[in-house]
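A.B. asks: Quick one: the structure is below, questions incoming.
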Amino acid sequence: MLLVWLAEAVVFALIVAGILAERPLALAAAGVAIVVAGALLRFVAPLRSALVCAFALHPTAALLGGAALALVLPLALRSSPYWTFVATLALLYVTIGQGLNLQIGTAGVINLAGAAFAGLGGYSVGLLTVGAGWPSWLAVAAAPWVAVAVGALLFVPILKTRGHYLALVTIAFVFIFNILMNNLEFTGGPQGIKNIPTLRLGGYAFTARPTLGVVELPAHANFYYAALATAFLATGILRRLHDSWLGLALNTLRDDEIAARCCGVSIAREKLIAFSIGNFFIGLGGALYAVMVGFVSPPDFDFGYSLIMLSVIIIGGVDSIGGVVLGACLLVPLPERFRFLHEYRLLLYGLVIVVMLLFRPRGLWPAGIRRYR
Amino acid sequence: MPPLELLLQQTLNGVMLGVMYALIAVGFTLFFGVLDVIHFSHGDIFMLGAFVGLSTLLGLAVVGLRTPLLALPPAFAVAVLVTGLVGVGAERVCVKPLARSSPLMTLLATLSLGLVLRESVLIFYPRGADPKPFPQLLPAGGFEVGGVAVRYENLTILAIGFAAMIGVDLVIRRTRMGAAIRAVAQDPEAAQMMGVNLDRTVDATFFLGSGLAAVAGMLSGFYYGEIHFIMGITGGVIGFSAAAIGGLGNVYGAIVGGLLFGVLQTTAAALIPRGSEFRDVVAFAVVMLFLIFKPSGILGEKSVERV
């Protein structure tokens with residue numbers, strides 16, 4: 001158990017060091033430390049097996065340790081509001097990724113419209129607060145349902161088409177969404193919706209800087225904790241769903257629709273349930289994003305973001321709940337860390353994805369085989 | 001009811017756009033035929049073709065070749081050759097190695113490769129972020145028939161586009177390589193047993209498809225007068241839509257689909273208010289509706305599932 005916590009503390013320290021190192025020397029030291037740690041894990045078999053064993057023996061301890069470290073992360077990052085923001089973004093991508101993973105990974109419903117559904121959540125928050133004067137928390141609670149409701153437009157194509165044709169339908173949907181947002185008057189056109197009021201719960205505004213005893217955290221830490229709670233809930237709920245009859249039925253129909261039908265799985269019902277639940281969480285992620293940054297505009301939700309969402313779940317591991325968390329926590333902050341590469345950043349991002357797919361096609365954390373007890 | 005001339009005019013413009021879309025769509029459909037994959041970076045290959053063509057034309061202008069008749073053939077040849085080779089490279093690196101794994105993998109891999117191509121042009125082409133003016137080498141002027149304005153420039157685009165399509169048709173139907181491509185599309189294993197070299201055939205298919213995309217890229221440069229590094233995103237999605245409307249795997253379907261999409265866009269632009277902004281909304285919505293009623297396209301094979 002101690003070994004588990006020790007390992008997690010080491011990983012945490014490495015991550016914080018890697019994030020906060022500013023000067024070239026410190027950065028190089030952090031980089032070398034991470035590479036050494038990775039190499040140790042990769043090439044020293046006894047260490048690796050000991051760690052694997054420890055984590056397998058104490059899953060609760062591992063989870064608790066991880067949760068505790070996630071809670072203290074804003075303390076470690078308190079000098080940098082920017083990195084608190086990036087960490088929050090990664091957590092929002094965990095929520096979105098879990099929703100998308102239920103659709104793509106578990107049910108095999110290829111949805112490349114993730115950006116559009118996140119955008120529906122974000123724009124709903126914008127319209128409901130700025131346009132209709134709702135309080136932010138109510139708008140955030142309502143916005144995911146808008147994503148679910150509009151997602152119902154795609155019900156028929158989802159049942160009728162499959163594979164590449166379905167991919168095309170969802171791509172077309174993102175483009176339609178983006179063009180509409182860019183050109184309709186009530187969504188603000190290319191400027192989008194500005195001045196979305198911040199979240200306010202019981203008189204506590206999320207723009208206030210929280211203080212814990214003597215330490216003062218950046219204002220983004222509020223959203224960090226909100227996003228952490230959401231991501232935690234989303235991961236928990238979707239893990240339960242994945243392990244439930246629904247998840248099993250979805251896996252069956254993903255692998256073979258005819259066989260699933262023969263076993264009494266209602267294809268239409270299960271697919272639509274999975275699609276709607278997924279859209280709910282994607283919309284929720286988008287809604288929280290909108291209240292966090294305070295404005296929404298069409299380029300925040302264009303097709304490129306669908307690509308990032310897709311890469312989060314594929315690089316993490318398709319149909320793997322842990323993989324989504326890992327994928328989001330790697331793929332969202334990493335490009336930010338490499339901001340000093342300026343224009344080469346996206347180029348490298350694309351290259352890394354291609355190389356990962358070629359050499360690690362099942363993802364960093366492949367989905368395990370279901371165990372039946 | 002809008003006047004008949006307007007409809008005719010928009011149809012003509014639509015066919016013009018449709019020819020370019022069709023050339024991209026043929027690539028999508030050919031790749032799908034031989035490897036059963038969607039090569040999503042094809043749109044960026046199309047963009048690359050336009051940039052290679054532009055560079056060649058600029059290079060030729062420096063040497064002194066400015067007359068269209070002397071400059072165009074080598075420019076097209078270089079664009080087709082270079083883009084075709086890049087297409088083959090893309091296939092070798094990230095399409096064929098993943099062709100056996102799930103379609104999701106090729107989807108993400110080719111989307112990312114498209115990102116790499118796009119960013120490479122943005123970074124490595126001089127001032128890549130700006131739209132590049134494309135030299136206007138096609139004949140200017142035009143005439144009018146029954147209220148419909150026909151420009152020589154557009155006629156040339158149509159002629160080049162249709163010539164490219166007829167050329168592909170001849171290659172596919174009349175040559176040994178074409179026979180190999182058709183055989184692999186039908187059944188890769190049986191084709192191999194009959195002595196078809198699978199790797200070479202796949203390479204040839206990607207060369208052919210990417211070369212066509214280069215032609216489309218140059219035509220689009222001539223049509224719009226400028227090219228931009230992000231033109232591959234819409235170009236690719238529209239090409240894919242056209243291929244899907246026509247039925248993936250069917251070359252004639254892709255051509256019909258491309259022309260349909262072009263006409264759809266221009267008539268939508270003419271008929272609805274603020275049409276030029278919303279024409280793509282209409283076109284994509286029609287594509288979605290269309291796939292509901294005909295889930296495997298106009299000329300697509302009916303997929304019969306067997307257990």
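The chains in the structure tokens are called A, B, ... from first to last as shown; in each chain the residues are counted from 1, and the ligands are counted from 1 in the order shown.
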Counting only C-alpha atoms, collect the residues of chain B whose closest atom lies at most 6 Å from chain A, and write them out as a PyMOL selection string.

C.D. replies: chain B and resi 109+112+115-116+119+281+284+288+292+295

A.B. asks: When DSSP works through the backbone of this structure, what residues of range 79-211 of chain B end up as alpha helix (DSSP H), shown as a ChimeraX atom specification?

C.D. replies: /B:79-90,103-124,152-174,176-186,188-193,198-211

A.B. asks: Suppose we keep C-alpha atoms; can you now write the selection as a PDB file, in the first residue's frame?

C.D. replies:
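Saved file result-v6.pdb follows:
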ATOM      1  CA  ALA B  79       1.546  18.751 -59.593  1.00  0.00           C
ATOM      2  CA  VAL B  80       0.105  15.332 -60.437  1.00  0.00           C
ATOM      3  CA  LEU B  81       3.477  13.610 -60.079  1.00  0.00           C
ATOM      4  CA  VAL B  82       4.521  15.201 -56.794  1.00  0.00           C
ATOM      5  CA  THR B  83       1.088  14.997 -55.185  1.00  0.00           C
ATOM      6  CA  GLY B  84       0.677  11.439 -56.390  1.00  0.00           C
ATOM      7  CA  LEU B  85       3.963  10.487 -54.748  1.00  0.00           C
ATOM      8  CA  VAL B  86       2.957  12.232 -51.513  1.00  0.00           C
ATOM      9  CA  GLY B  87      -0.300  10.295 -51.643  1.00  0.00           C
ATOM     10  CA  VAL B  88       1.600   7.024 -52.026  1.00  0.00           C
ATOM     11  CA  GLY B  89       3.829   8.056 -49.126  1.00  0.00           C
ATOM     12  CA  ALA B  90       0.791   8.794 -46.953  1.00  0.00           C
ATOM     13  CA  PRO B 103     -11.830   1.843 -38.996  1.00  0.00           C
ATOM     14  CA  LEU B 104     -11.516   4.200 -36.022  1.00  0.00           C
ATOM     15  CA  MET B 105      -7.736   3.900 -36.155  1.00  0.00           C
ATOM     16  CA  THR B 106      -7.445   4.839 -39.818  1.00  0.00           C
ATOM     17  CA  LEU B 107      -9.947   7.585 -39.209  1.00  0.00           C
ATOM     18  CA  LEU B 108      -7.856   9.220 -36.502  1.00  0.00           C
ATOM     19  CA  ALA B 109      -4.531   8.460 -38.181  1.00  0.00           C
ATOM     20  CA  THR B 110      -5.509  10.017 -41.492  1.00  0.00           C
ATOM     21  CA  LEU B 111      -7.197  12.975 -39.806  1.00  0.00           C
ATOM     22  CA  SER B 112      -3.964  13.604 -37.906  1.00  0.00           C
ATOM     23  CA  LEU B 113      -1.898  13.170 -41.034  1.00  0.00           C
ATOM     24  CA  GLY B 114      -4.100  15.784 -42.661  1.00  0.00           C
ATOM     25  CA  LEU B 115      -3.288  18.085 -39.749  1.00  0.00           C
ATOM     26  CA  VAL B 116       0.422  17.414 -40.307  1.00  0.00           C
ATOM     27  CA  LEU B 117       0.168  18.232 -44.023  1.00  0.00           C
ATOM     28  CA  ARG B 118      -1.820  21.387 -43.332  1.00  0.00           C
ATOM     29  CA  GLU B 119       0.570  22.620 -40.675  1.00  0.00           C
ATOM     30  CA  SER B 120       3.574  21.780 -42.860  1.00  0.00           C
ATOM     31  CA  VAL B 121       2.264  23.995 -45.645  1.00  0.00           C
ATOM     32  CA  LEU B 122       1.448  26.716 -43.125  1.00  0.00           C
ATOM     33  CA  ILE B 123       4.952  26.635 -41.652  1.00  0.00           C
ATOM     34  CA  PHE B 124       7.229  25.740 -44.527  1.00  0.00           C
ATOM     35  CA  TYR B 152     -14.173  30.615 -71.658  1.00  0.00           C
ATOM     36  CA  GLU B 153     -12.291  30.186 -68.417  1.00  0.00           C
ATOM     37  CA  ASN B 154     -15.090  28.055 -67.021  1.00  0.00           C
ATOM     38  CA  LEU B 155     -15.335  26.051 -70.210  1.00  0.00           C
ATOM     39  CA  THR B 156     -11.623  25.294 -69.936  1.00  0.00           C
ATOM     40  CA  ILE B 157     -12.054  24.150 -66.342  1.00  0.00           C
ATOM     41  CA  LEU B 158     -14.888  21.891 -67.426  1.00  0.00           C
ATOM     42  CA  ALA B 159     -12.835  20.537 -70.309  1.00  0.00           C
ATOM     43  CA  ILE B 160      -9.789  19.786 -68.159  1.00  0.00           C
ATOM     44  CA  GLY B 161     -11.945  18.214 -65.464  1.00  0.00           C
ATOM     45  CA  PHE B 162     -13.837  15.975 -67.833  1.00  0.00           C
ATOM     46  CA  ALA B 163     -10.628  15.056 -69.649  1.00  0.00           C
ATOM     47  CA  ALA B 164      -9.137  13.939 -66.324  1.00  0.00           C
ATOM     48  CA  MET B 165     -12.213  11.877 -65.565  1.00  0.00           C
ATOM     49  CA  ILE B 166     -12.220  10.231 -68.964  1.00  0.00           C
ATOM     50  CA  GLY B 167      -8.523   9.544 -68.529  1.00  0.00           C
ATOM     51  CA  VAL B 168      -9.142   7.796 -65.208  1.00  0.00           C
ATOM     52  CA  ASP B 169     -11.992   5.850 -66.696  1.00  0.00           C
ATOM     53  CA  LEU B 170      -9.722   4.659 -69.497  1.00  0.00           C
ATOM     54  CA  VAL B 171      -6.976   3.718 -67.041  1.00  0.00           C
ATOM     55  CA  ILE B 172      -9.378   1.750 -64.903  1.00  0.00           C
ATOM     56  CA  ARG B 173     -11.193  -0.008 -67.725  1.00  0.00           C
ATOM     57  CA  ARG B 174      -8.537  -0.482 -70.374  1.00  0.00           C
ATOM     58  CA  ARG B 176      -3.687  -3.995 -66.868  1.00  0.00           C
ATOM     59  CA  MET B 177      -3.227  -1.871 -63.772  1.00  0.00           C
ATOM     60  CA  GLY B 178      -6.871  -0.826 -63.991  1.00  0.00           C
ATOM     61  CA  ALA B 179      -7.913  -4.451 -64.180  1.00  0.00           C
ATOM     62  CA  ALA B 180      -5.764  -5.141 -61.119  1.00  0.00           C
ATOM     63  CA  ILE B 181      -7.401  -2.268 -59.242  1.00  0.00           C
ATOM     64  CA  ARG B 182     -10.855  -3.577 -60.082  1.00  0.00           C
ATOM     65  CA  ALA B 183      -9.843  -7.095 -59.093  1.00  0.00           C
ATOM     66  CA  VAL B 184      -8.452  -5.988 -55.728  1.00  0.00           C
ATOM     67  CA  ALA B 185     -11.569  -3.922 -55.110  1.00  0.00           C
ATOM     68  CA  GLN B 186     -13.699  -7.002 -55.634  1.00  0.00           C
ATOM     69  CA  PRO B 188      -8.098  -8.790 -52.496  1.00  0.00           C
ATOM     70  CA  GLU B 189      -7.319 -12.410 -51.672  1.00  0.00           C
ATOM     71  CA  ALA B 190      -8.643 -13.872 -54.882  1.00  0.00           C
ATOM     72  CA  ALA B 191      -6.854 -11.142 -56.827  1.00  0.00           C
ATOM     73  CA  GLN B 192      -3.575 -12.053 -55.184  1.00  0.00           C
ATOM     74  CA  MET B 193      -4.074 -15.687 -56.038  1.00  0.00           C
ATOM     75  CA  LEU B 198      -1.386  -6.217 -54.056  1.00  0.00           C
ATOM     76  CA  ASP B 199       1.135  -3.654 -52.804  1.00  0.00           C
ATOM     77  CA  ARG B 200       1.843  -2.311 -56.260  1.00  0.00           C
ATOM     78  CA  THR B 201      -1.845  -2.051 -57.048  1.00  0.00           C
ATOM     79  CA  VAL B 202      -2.578  -0.170 -53.857  1.00  0.00           C
ATOM     80  CA  ASP B 203       0.315   2.188 -54.580  1.00  0.00           C
ATOM     81  CA  ALA B 204      -0.970   2.784 -58.081  1.00  0.00           C
ATOM     82  CA  THR B 205      -4.454   3.491 -56.784  1.00  0.00           C
ATOM     83  CA  PHE B 206      -3.192   6.082 -54.336  1.00  0.00           C
ATOM     84  CA  PHE B 207      -1.023   7.649 -57.016  1.00  0.00           C
ATOM     85  CA  LEU B 208      -3.997   7.888 -59.334  1.00  0.00           C
ATOM     86  CA  GLY B 209      -6.383   9.264 -56.713  1.00  0.00           C
ATOM     87  CA  SER B 210      -3.926  11.801 -55.330  1.00  0.00           C
ATOM     88  CA  GLY B 211      -2.985  12.925 -58.831  1.00  0.00           C
TER      89      GLY B 211
END

A.B. asks: Suppose you want the space between CA of Glu185 in chain A and CA of Gly122 in chain A; what is it in Å?

C.D. replies: 16.6 Å

A.B. asks: What is the distance, in Å and to one decimal place, between CA of Glu8 in chain A and CA of Val44 in chain A?

C.D. replies: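 If I compute the distance from CA of Glu8 in chain A to CA of Val44 in chain A, I get 18.0 Å.
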
A.B. asks: Just the number, please: distance in Å from CA of Val287 in chain B to CA of Phe155 in chain A, one decimal.

C.D. replies: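 Spanning CA of Val287 in chain B to CA of Phe155 in chain A is a straight-line distance of 15.3 Å.
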
A.B. asks: Could you check which of B:Asp44, B:Glu277, B:Glu144, B:Glu91 is closest to Thr234 in chain B, using only C-alpha atoms?

C.D. replies: B:Asp44

A.B. asks: Using only C-alpha atoms, which protein or nucleic acid residues come within 8 Å of Thr198 in chain A? Drop anything in the same chain fewer than 4 positions from it, and give the result as a list of chain:residue names.

C.D. replies: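 The neighbour list is A:Ser136, A:Ala205, A:Phe206, A:Thr207, A:Val291, A:Met292, A:Gly294.
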
A.B. asks: Taking the DSSP assignment computed from this structure's backbone, write out as a PyMOL selection string all residues of range 125-298 of chain B that belong to strand (DSSP E or B).

C.D. replies: chain B and resi 132-133+142-145+148-151+226-227

A.B. asks: Can you pull out the residues contacting Trp145 in chain A? Cut-off 9 Å, using only C-alpha atoms, and skip same-chain residues under 6 positions away; I want them as a PyMOL selection string.

C.D. replies: chain A and resi 121+279-280+283-284

A.B. asks: Store the residues of this selection in a file with C-alpha atoms, as a short mmCIF file (atom, residue, chain, number, x, y, z; two decimals), in the first residue's frame.

C.D. replies:
data_model
loop_
_atom_site.label_atom_id
_atom_site.label_comp_id
_atom_site.auth_asym_id
_atom_site.auth_seq_id
_atom_site.Cartn_x
_atom_site.Cartn_y
_atom_site.Cartn_z
CA GLY A 121 -23.92 22.94 -24.24
CA ASN A 279 -24.29 13.71 -25.50
CA PHE A 280 -25.36 14.66 -22.00
CA GLY A 283 -22.84 18.95 -23.40
CA LEU A 284 -22.06 19.23 -19.70
#

A.B. asks: Given the choices A:Asp319, A:Phe55, A:Ala33, A:His220, which gets closest to Trp5 in chain A if the distance is worked out from only C-alpha atoms?

C.D. replies: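 Using only C-alpha atoms, the shortest distance to Trp5 in chain A belongs to A:Phe55.
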
A.B. asks: Between B:Gln136, B:Ser276, B:Gln9, B:Thr29, which residue has the minimum interatomic distance to Leu57 in chain B, considering only C-alpha atoms?

C.D. replies: B:Gln136

A.B. asks: Considering only C-alpha atoms, return as a list in words whatever protein or nucleic-acid residues lie within 12 Å of Gly38 in chain A, sequence-local ones (same chain, fewer than 3 positions apart) excluded.

C.D. replies: Val10, Val11, Leu14, Gly31, Val32, Ala33, Ile34, Val35, Leu41, Arg42, Phe43, Val44, Leu47 and Arg48 of chain A

A.B. asks: For the residues in that selection, give me C-alpha atoms as a compact mmCIF listing (two decimals), in the first residue's frame.

C.D. replies:
# COMPACT_ATOMS: atom_id res chain seq x y z
CA VAL A 10 6.61 10.35 -7.40
CA VAL A 11 4.42 10.67 -10.50
CA LEU A 14 7.35 14.67 -11.69
CA GLY A 31 12.53 16.17 -18.58
CA VAL A 32 15.47 13.92 -17.78
CA ALA A 33 13.82 12.81 -14.53
CA ILE A 34 10.62 11.89 -16.38
CA VAL A 35 12.56 10.00 -19.05
CA LEU A 41 9.56 1.39 -15.43
CA ARG A 42 10.06 0.05 -18.93
CA PHE A 43 13.32 -1.82 -18.52
CA VAL A 44 13.57 -2.87 -14.87
CA LEU A 47 10.21 -2.83 -10.29
CA ARG A 48 7.46 -2.93 -12.85

A.B. asks: Find the residues near Trp365 in chain A: any atom within 7 Å, counting only C-alpha atoms, skip ones fewer than 4 places away on the same chain, and give them as a ChimeraX atom specification.

C.D. replies: /A:316-317,320,322-323

A.B. asks: Restrict the selected residues to N, CA and C atoms and save them as a PDB file, in the first residue's frame.

C.D. replies:
ATOM      1  N   GLY A 316      -5.951   7.088 -25.339  1.00  0.00           N
ATOM      2  CA  GLY A 316      -6.112   6.522 -24.007  1.00  0.00           C
ATOM      3  C   GLY A 316      -6.389   5.033 -24.072  1.00  0.00           C
ATOM      4  N   GLY A 317      -7.226   4.653 -24.995  1.00  0.00           N
ATOM      5  CA  GLY A 317      -7.628   3.253 -25.103  1.00  0.00           C
ATOM      6  C   GLY A 317      -9.119   3.186 -25.327  1.00  0.00           C
ATOM      7  N   SER A 320     -11.976   2.098 -22.759  1.00  0.00           N
ATOM      8  CA  SER A 320     -11.303   1.922 -21.482  1.00  0.00           C
ATOM      9  C   SER A 320     -11.541   3.163 -20.637  1.00  0.00           C
ATOM     10  N   GLY A 322     -10.376   4.030 -17.629  1.00  0.00           N
ATOM     11  CA  GLY A 322      -9.135   4.623 -17.148  1.00  0.00           C
ATOM     12  C   GLY A 322      -8.367   5.279 -18.275  1.00  0.00           C
ATOM     13  N   GLY A 323      -8.455   4.679 -19.460  1.00  0.00           N
ATOM     14  CA  GLY A 323      -7.734   5.216 -20.610  1.00  0.00           C
ATOM     15  C   GLY A 323      -8.188   6.616 -20.958  1.00  0.00           C
TER      16      GLY A 323
END

A.B. asks: Could you check the closest approach to Ala99 in chain B for each of B:Val150, B:Leu271, B:Leu35, B:Ala50 and tell me which residue wins, using only C-alpha atoms?

C.D. replies: B:Leu35

A.B. asks: Quick one: residues within 8 Å of Val15 in chain B, only C-alpha atoms counted, chain neighbours fewer than 4 positions away excluded, as an MDAnalysis selection string?

C.D. replies: chainID B and resid 11 19 259:260 262:263

A.B. asks: Go ahead and dump the residues you just picked, N, CA and C atoms, as a compact mmCIF listing (two decimals), in the first residue's frame.

C.D. replies:
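To be explicit, this is the file written out as selection_23.txt:
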# COMPACT_ATOMS: atom_id res chain seq x y z
N THR B 11 -27.06 26.12 -62.43
CA THR B 11 -26.72 24.74 -62.74
C THR B 11 -25.35 24.67 -63.39
N VAL B 19 -17.39 19.46 -60.91
CA VAL B 19 -16.29 18.76 -61.55
C VAL B 19 -15.11 18.63 -60.59
N LEU B 259 -21.03 16.07 -58.96
CA LEU B 259 -21.82 17.02 -59.74
C LEU B 259 -23.08 17.40 -58.98
N LEU B 260 -23.73 16.42 -58.35
CA LEU B 260 -24.95 16.69 -57.59
C LEU B 260 -24.67 17.70 -56.48
N GLY B 262 -22.30 19.90 -56.22
CA GLY B 262 -22.05 21.24 -56.76
C GLY B 262 -23.33 21.94 -57.13
N VAL B 263 -24.22 21.24 -57.87
CA VAL B 263 -25.47 21.85 -58.30
C VAL B 263 -26.33 22.21 -57.09
